[in-house]
Amino acid sequence: MPVFEEDGKSPGEAIPVEDPLKSRVLYGELEGGGNARYYSFEMEKGERILLGLIVPVKPGNRVFAPDLVLMGPGLADEGKVPKTLEIPEGNGVKMLPGKLPESATYEGFSPSAFYSLARLDLEAPESGTYYAAVASPARDVNYGIVLGYRESFSLKEWVLVPLGQIRTYRWEGQSLPFILAPLGLTLAAGVLAVLRKKEKGSMFTPAQWAGAFASLFFLGTGLSFLVQMLVSLNRSAYSPEVFITLFLGFSHLALGVAAMGLSLKGSGYGENGTKKRLYFFGLAFTGLLLWAGWLIGPLLAFEAGLLPWGRKKWS
């Protein structure tokens with residue numbers, strides 16, 4: 001689960017993390033010159049602390065990597081700690097210098113590529129407050145702190161994952177026009193296709209328009225997944241997680257084709273389109289489940305299921 005937070009410039013202002021056993025990535029930006037960003041979380045003795053540090057793949061990362069620091073009660077001091085790092089009283093410190101691997105890691109659900117610089121997996125020696133910090137002694141850097149191991153989502157978190165994907169691509173250094181280009185091109189092609197057949201478009205009911213645009217959003221995010229897969233594979237080594245991306249991407253495309261087929265098959269006079277409503281409700285639910293359409297697609301599909309499909313018969 002991607003999380004974007006600011007502040008945390010000292011242990012006293014550390015960004016609190018609830019449920020540190022839950023898997024998430026805490027994304028941020030850090031200025032160089034000895035600065036650090038702090039996160040705090042509560043642990044019980046014996047609970048597993050899984051911690052890691054990642055950075056995006058872009059020019060500059062091959063000559064610089066930030067460091068990861070874990071501070072907490074009962075920890076044995078390990079490594080040379082930067083003089084500028086603030087250590088809460090009574091805490092031990094584990095220093096994990098950031099080291100760039102030979103190749104980047106491919107992640108299939110986003111999809112994205114990143115360098116994994118450091119990883120720590122241990123049991124909490126004592127109960128209490130622990131601090132994770134990322135230190136940047138040399139220059140500005142985008143980073144992600146990986147915390148937790150339990151893969152769980154609330155309904156709200158699951159639904160908002162597509163918005164997190166866009167922010168993750170921005171964190172990688174991609175421009176917003178590039179991120180939105182596949183969807184924009186799909187929408188433009190769909191609108192042009194309708195304009196070329198004005199007569200057919202003028203006969204569309206509001207439900208058909210909603211279904212058609214839901215289709216275009218599904219197709220657009222499917223294309224976006226495949227484009228981001230190619231971008232990420234160009235930056236990283238091959239991984240079997242490519243098949244996760246292919247499944248999601250082609251699932252989006254299949255939803256788009258189904259929605260377009262249902263939309264183009266209009267209802268005659270006096271028909272209420274009950275079956276079609278149910279189909280679109282199913283497409284909306286599946287779109288949310290598979291992160292298709294960047295929320296807009298499922299909402300439009302749900303709207304298509306609510307609107308009447310029969311056209312009014314004029315006497």
# chains A, B, ... in the order shown; residues from 1 in each chain; ligands from 1

$ select_by_dssp --residues "range 115-254 of chain A" --states "helix (DSSP H, G or I)" --output "PyMOL selection string"
chain A and resi 155-159+161-172+176-196+198-202+206-233+242-254

$ residues_around --residues "range 285-297 of chain A" --least-positions-apart "3" --cutoff "8 Å" --atoms "only C-alpha atoms" --output "list in words"
Trp158, Val159, Leu160, Val161, Pro162, Leu163, Phe213, Ala214, Ser215, Leu216, Phe217, Phe218, Leu219, Gly220, Thr221, Gly222, Leu248, Ser251, His252, Leu255, Phe281, Gly282, Leu300 and Ala301 of chain A

$ closest_atom_pairs --of "range 76-141 of chain A" --to "range 22-44 of chain A" --cutoff "12 Å" --atoms "only C-alpha atoms" --output "Markdown table"
| residue | atom | partner | partner_atom | distance |
| --- | --- | --- | --- | --- |
| A:Val81 | CA | A:Gly34 | CA | 11.5 |
| A:Pro82 | CA | A:Gly34 | CA | 7.9 |
| A:Lys83 | CA | A:Gly34 | CA | 8.5 |
| A:Thr84 | CA | A:Gly34 | CA | 6.0 |
| A:Leu85 | CA | A:Ala36 | CA | 7.0 |
| A:Glu86 | CA | A:Ala36 | CA | 8.8 |
| A:Ile87 | CA | A:Tyr38 | CA | 10.4 |
| A:Pro88 | CA | A:Ser40 | CA | 11.1 |
| A:Leu122 | CA | A:Met43 | CA | 11.8 |
| A:Glu123 | CA | A:Glu44 | CA | 9.3 |
| A:Ala124 | CA | A:Glu44 | CA | 6.8 |
| A:Pro125 | CA | A:Glu44 | CA | 8.5 |
| A:Glu126 | CA | A:Glu44 | CA | 6.7 |
| A:Ser127 | CA | A:Glu44 | CA | 4.2 |
| A:Gly128 | CA | A:Glu42 | CA | 5.7 |
| A:Thr129 | CA | A:Glu42 | CA | 4.6 |
| A:Tyr130 | CA | A:Phe41 | CA | 5.4 |
| A:Tyr131 | CA | A:Ser40 | CA | 4.5 |
| A:Ala132 | CA | A:Tyr39 | CA | 5.2 |
| A:Ala133 | CA | A:Tyr38 | CA | 4.4 |
| A:Val134 | CA | A:Arg37 | CA | 5.5 |
| A:Ala135 | CA | A:Ala36 | CA | 4.3 |
| A:Ser136 | CA | A:Gly32 | CA | 5.1 |
| A:Pro137 | CA | A:Gly34 | CA | 4.1 |
| A:Ala138 | CA | A:Gly32 | CA | 5.1 |
| A:Arg139 | CA | A:Gly32 | CA | 3.8 |
| A:Asp140 | CA | A:Glu31 | CA | 4.2 |
| A:Val141 | CA | A:Leu30 | CA | 5.4 |

$ residues_around --residues "Ala113 in chain A" --least-positions-apart "3" --cutoff "8 Å" --atoms "only C-alpha atoms" --output "list in words"
Pro56, Val57, Ala104, Thr105, Tyr106, Glu107, Ser232, Leu233, Arg235 and Ser236 of chain A

$ residues_around --residues "Gly211 in chain A" --least-positions-apart "3" --cutoff "12 Å" --atoms "only C-alpha atoms" --output "ChimeraX atom specification"
/A:204-208,214-218,255-266,276-277,279-281,283-284,296-309

$ closest_residue --among "A:Val231, A:Gly164, A:Leu183, A:Phe109" --to "Phe243 in chain A" --atoms "only C-alpha atoms"
A:Phe109

$ residues_around --residues "Leu21 in chain A" --least-positions-apart "4" --cutoff "9 Å" --atoms "only C-alpha atoms" --output "list in words"
Met43, Glu47, Arg48, Ile49, Leu50, Leu147, Gly148, Tyr149 and Arg150 of chain A

$ write_last_selection --atoms "C-alpha atoms" --output "PDB file, in the first residue's frame"
ATOM      1  CA  MET A  43       6.034  -2.685  18.594  1.00  0.00           C
ATOM      2  CA  GLU A  47       6.928  -8.952  16.973  1.00  0.00           C
ATOM      3  CA  ARG A  48       8.557  -9.031  13.561  1.00  0.00           C
ATOM      4  CA  ILE A  49      10.079  -5.811  12.239  1.00  0.00           C
ATOM      5  CA  LEU A  50      10.454  -5.905   8.461  1.00  0.00           C
ATOM      6  CA  LEU A 147       7.569  -1.399   6.413  1.00  0.00           C
ATOM      7  CA  GLY A 148       5.592  -4.473   7.435  1.00  0.00           C
ATOM      8  CA  TYR A 149       4.820  -7.834   5.865  1.00  0.00           C
ATOM      9  CA  ARG A 150       1.069  -8.481   6.193  1.00  0.00           C
TER      10      ARG A 150
END

$ atom_distance --atom1 "CA of Pro16 in chain A" --atom2 "CA of Val146 in chain A"
14.4 Å

$ closest_residue --among "A:Ser103, A:Val17, A:Phe178, A:Ala212" --to "Ala193 in chain A" --atoms "only C-alpha atoms"
A:Ala212

$ select_by_dssp --residues "range 133-268 of chain A" --states "strand (DSSP E or B)" --output "MDAnalysis selection string"
chainID A and resid 133:136 141:147 150

$ atom_distance --atom1 "CA of Glu78 in chain A" --atom2 "CA of Lys94 in chain A"
4.7 Å

$ atom_distance --atom1 "CA of Leu246 in chain A" --atom2 "CA of Ser110 in chain A"
11.4 Å

$ decode --residues "range 87-125 of chain A" --atoms "N, CA and C atoms" --output "mmCIF file, in the first residue's frame"
data_model
loop_
_atom_site.group_PDB
_atom_site.id
_atom_site.type_symbol
_atom_site.label_atom_id
_atom_site.label_comp_id
_atom_site.auth_asym_id
_atom_site.auth_seq_id
_atom_site.Cartn_x
_atom_site.Cartn_y
_atom_site.Cartn_z
ATOM 1 N N ILE A 87 19.066 10.942 17.864
ATOM 2 C CA ILE A 87 18.728 9.634 18.432
ATOM 3 C C ILE A 87 17.981 9.842 19.747
ATOM 4 N N PRO A 88 16.733 9.398 19.836
ATOM 5 C CA PRO A 88 15.990 9.522 21.095
ATOM 6 C C PRO A 88 16.732 8.841 22.245
ATOM 7 N N GLU A 89 16.659 9.422 23.402
ATOM 8 C CA GLU A 89 17.387 8.902 24.566
ATOM 9 C C GLU A 89 16.938 7.481 24.904
ATOM 10 N N GLY A 90 17.925 6.622 25.193
ATOM 11 C CA GLY A 90 17.649 5.255 25.599
ATOM 12 C C GLY A 90 17.423 4.288 24.457
ATOM 13 N N ASN A 91 17.680 4.737 23.223
ATOM 14 C CA ASN A 91 17.477 3.877 22.057
ATOM 15 C C ASN A 91 18.788 3.367 21.498
ATOM 16 N N GLY A 92 18.803 2.093 21.123
ATOM 17 C CA GLY A 92 19.907 1.558 20.361
ATOM 18 C C GLY A 92 19.716 1.893 18.886
ATOM 19 N N VAL A 93 20.799 1.767 18.098
ATOM 20 C CA VAL A 93 20.743 2.185 16.697
ATOM 21 C C VAL A 93 21.343 1.112 15.796
ATOM 22 N N LYS A 94 20.611 0.749 14.743
ATOM 23 C CA LYS A 94 21.133 -0.118 13.688
ATOM 24 C C LYS A 94 21.234 0.701 12.412
ATOM 25 N N MET A 95 22.445 0.842 11.915
ATOM 26 C CA MET A 95 22.704 1.624 10.704
ATOM 27 C C MET A 95 22.815 0.682 9.515
ATOM 28 N N LEU A 96 22.015 0.947 8.473
ATOM 29 C CA LEU A 96 22.060 0.136 7.253
ATOM 30 C C LEU A 96 22.453 1.036 6.087
ATOM 31 N N PRO A 97 23.737 1.052 5.719
ATOM 32 C CA PRO A 97 24.166 1.890 4.593
ATOM 33 C C PRO A 97 23.475 1.458 3.302
ATOM 34 N N GLY A 98 22.993 2.433 2.538
ATOM 35 C CA GLY A 98 22.345 2.122 1.275
ATOM 36 C C GLY A 98 23.346 1.666 0.226
ATOM 37 N N LYS A 99 23.095 0.508 -0.378
ATOM 38 C CA LYS A 99 23.980 -0.031 -1.411
ATOM 39 C C LYS A 99 23.166 -0.353 -2.659
ATOM 40 N N LEU A 100 23.584 0.205 -3.790
ATOM 41 C CA LEU A 100 22.879 -0.047 -5.033
ATOM 42 C C LEU A 100 23.178 -1.457 -5.537
ATOM 43 N N PRO A 101 22.145 -2.245 -5.853
ATOM 44 C CA PRO A 101 22.363 -3.584 -6.410
ATOM 45 C C PRO A 101 22.753 -3.498 -7.874
ATOM 46 N N GLU A 102 23.121 -4.614 -8.440
ATOM 47 C CA GLU A 102 23.520 -4.638 -9.847
ATOM 48 C C GLU A 102 22.356 -4.334 -10.777
ATOM 49 N N SER A 103 21.159 -4.738 -10.401
ATOM 50 C CA SER A 103 20.001 -4.490 -11.256
ATOM 51 C C SER A 103 18.805 -4.093 -10.402
ATOM 52 N N ALA A 104 17.846 -3.445 -11.041
ATOM 53 C CA ALA A 104 16.644 -2.995 -10.351
ATOM 54 C C ALA A 104 15.638 -4.131 -10.228
ATOM 55 N N THR A 105 14.679 -3.972 -9.319
ATOM 56 C CA THR A 105 13.619 -4.945 -9.082
ATOM 57 C C THR A 105 12.362 -4.529 -9.827
ATOM 58 N N TYR A 106 11.710 -5.490 -10.464
ATOM 59 C CA TYR A 106 10.445 -5.222 -11.153
ATOM 60 C C TYR A 106 9.284 -5.588 -10.231
ATOM 61 N N GLU A 107 8.300 -4.692 -10.140
ATOM 62 C CA GLU A 107 7.112 -4.920 -9.321
ATOM 63 C C GLU A 107 5.909 -4.982 -10.244
ATOM 64 N N GLY A 108 5.143 -6.078 -10.192
ATOM 65 C CA GLY A 108 4.134 -6.350 -11.202
ATOM 66 C C GLY A 108 2.787 -5.699 -10.999
ATOM 67 N N PHE A 109 2.420 -5.349 -9.774
ATOM 68 C CA PHE A 109 1.085 -4.827 -9.530
ATOM 69 C C PHE A 109 0.944 -3.362 -9.931
ATOM 70 N N SER A 110 2.050 -2.601 -9.912
ATOM 71 C CA SER A 110 1.953 -1.164 -10.195
ATOM 72 C C SER A 110 1.756 -0.838 -11.664
ATOM 73 N N PRO A 111 2.558 -1.318 -12.610
ATOM 74 C CA PRO A 111 3.900 -1.914 -12.474
ATOM 75 C C PRO A 111 4.965 -0.815 -12.346
ATOM 76 N N SER A 112 6.136 -1.169 -11.798
ATOM 77 C CA SER A 112 7.188 -0.182 -11.593
ATOM 78 C C SER A 112 8.527 -0.899 -11.425
ATOM 79 N N ALA A 113 9.594 -0.101 -11.354
ATOM 80 C CA ALA A 113 10.939 -0.634 -11.129
ATOM 81 C C ALA A 113 11.630 0.228 -10.082
ATOM 82 N N PHE A 114 12.424 -0.410 -9.231
ATOM 83 C CA PHE A 114 13.117 0.347 -8.181
ATOM 84 C C PHE A 114 14.380 -0.398 -7.775
ATOM 85 N N TYR A 115 15.293 0.356 -7.139
ATOM 86 C CA TYR A 115 16.482 -0.245 -6.535
ATOM 87 C C TYR A 115 16.190 -0.530 -5.065
ATOM 88 N N SER A 116 16.465 -1.741 -4.620
ATOM 89 C CA SER A 116 16.343 -2.096 -3.212
ATOM 90 C C SER A 116 17.710 -1.917 -2.560
ATOM 91 N N LEU A 117 17.832 -0.921 -1.681
ATOM 92 C CA LEU A 117 19.139 -0.534 -1.117
ATOM 93 C C LEU A 117 19.473 -1.241 0.185
ATOM 94 N N ALA A 118 18.462 -1.525 0.999
ATOM 95 C CA ALA A 118 18.728 -2.109 2.317
ATOM 96 C C ALA A 118 17.497 -2.868 2.781
ATOM 97 N N ARG A 119 17.721 -3.877 3.625
ATOM 98 C CA ARG A 119 16.616 -4.681 4.147
ATOM 99 C C ARG A 119 16.992 -5.198 5.528
ATOM 100 N N LEU A 120 16.026 -5.158 6.445
ATOM 101 C CA LEU A 120 16.246 -5.617 7.812
ATOM 102 C C LEU A 120 15.024 -6.416 8.252
ATOM 103 N N ASP A 121 15.269 -7.599 8.824
ATOM 104 C CA ASP A 121 14.183 -8.463 9.279
ATOM 105 C C ASP A 121 14.597 -9.038 10.628
ATOM 106 N N LEU A 122 13.941 -8.609 11.709
ATOM 107 C CA LEU A 122 14.310 -9.076 13.046
ATOM 108 C C LEU A 122 13.116 -8.999 13.979
ATOM 109 N N GLU A 123 13.226 -9.599 15.151
ATOM 110 C CA GLU A 123 12.193 -9.521 16.169
ATOM 111 C C GLU A 123 12.492 -8.348 17.094
ATOM 112 N N ALA A 124 11.453 -7.636 17.493
ATOM 113 C CA ALA A 124 11.627 -6.507 18.404
ATOM 114 C C ALA A 124 12.161 -7.013 19.739
ATOM 115 N N PRO A 125 13.335 -6.522 20.175
ATOM 116 C CA PRO A 125 13.906 -7.023 21.425
ATOM 117 C C PRO A 125 13.137 -6.570 22.671
#
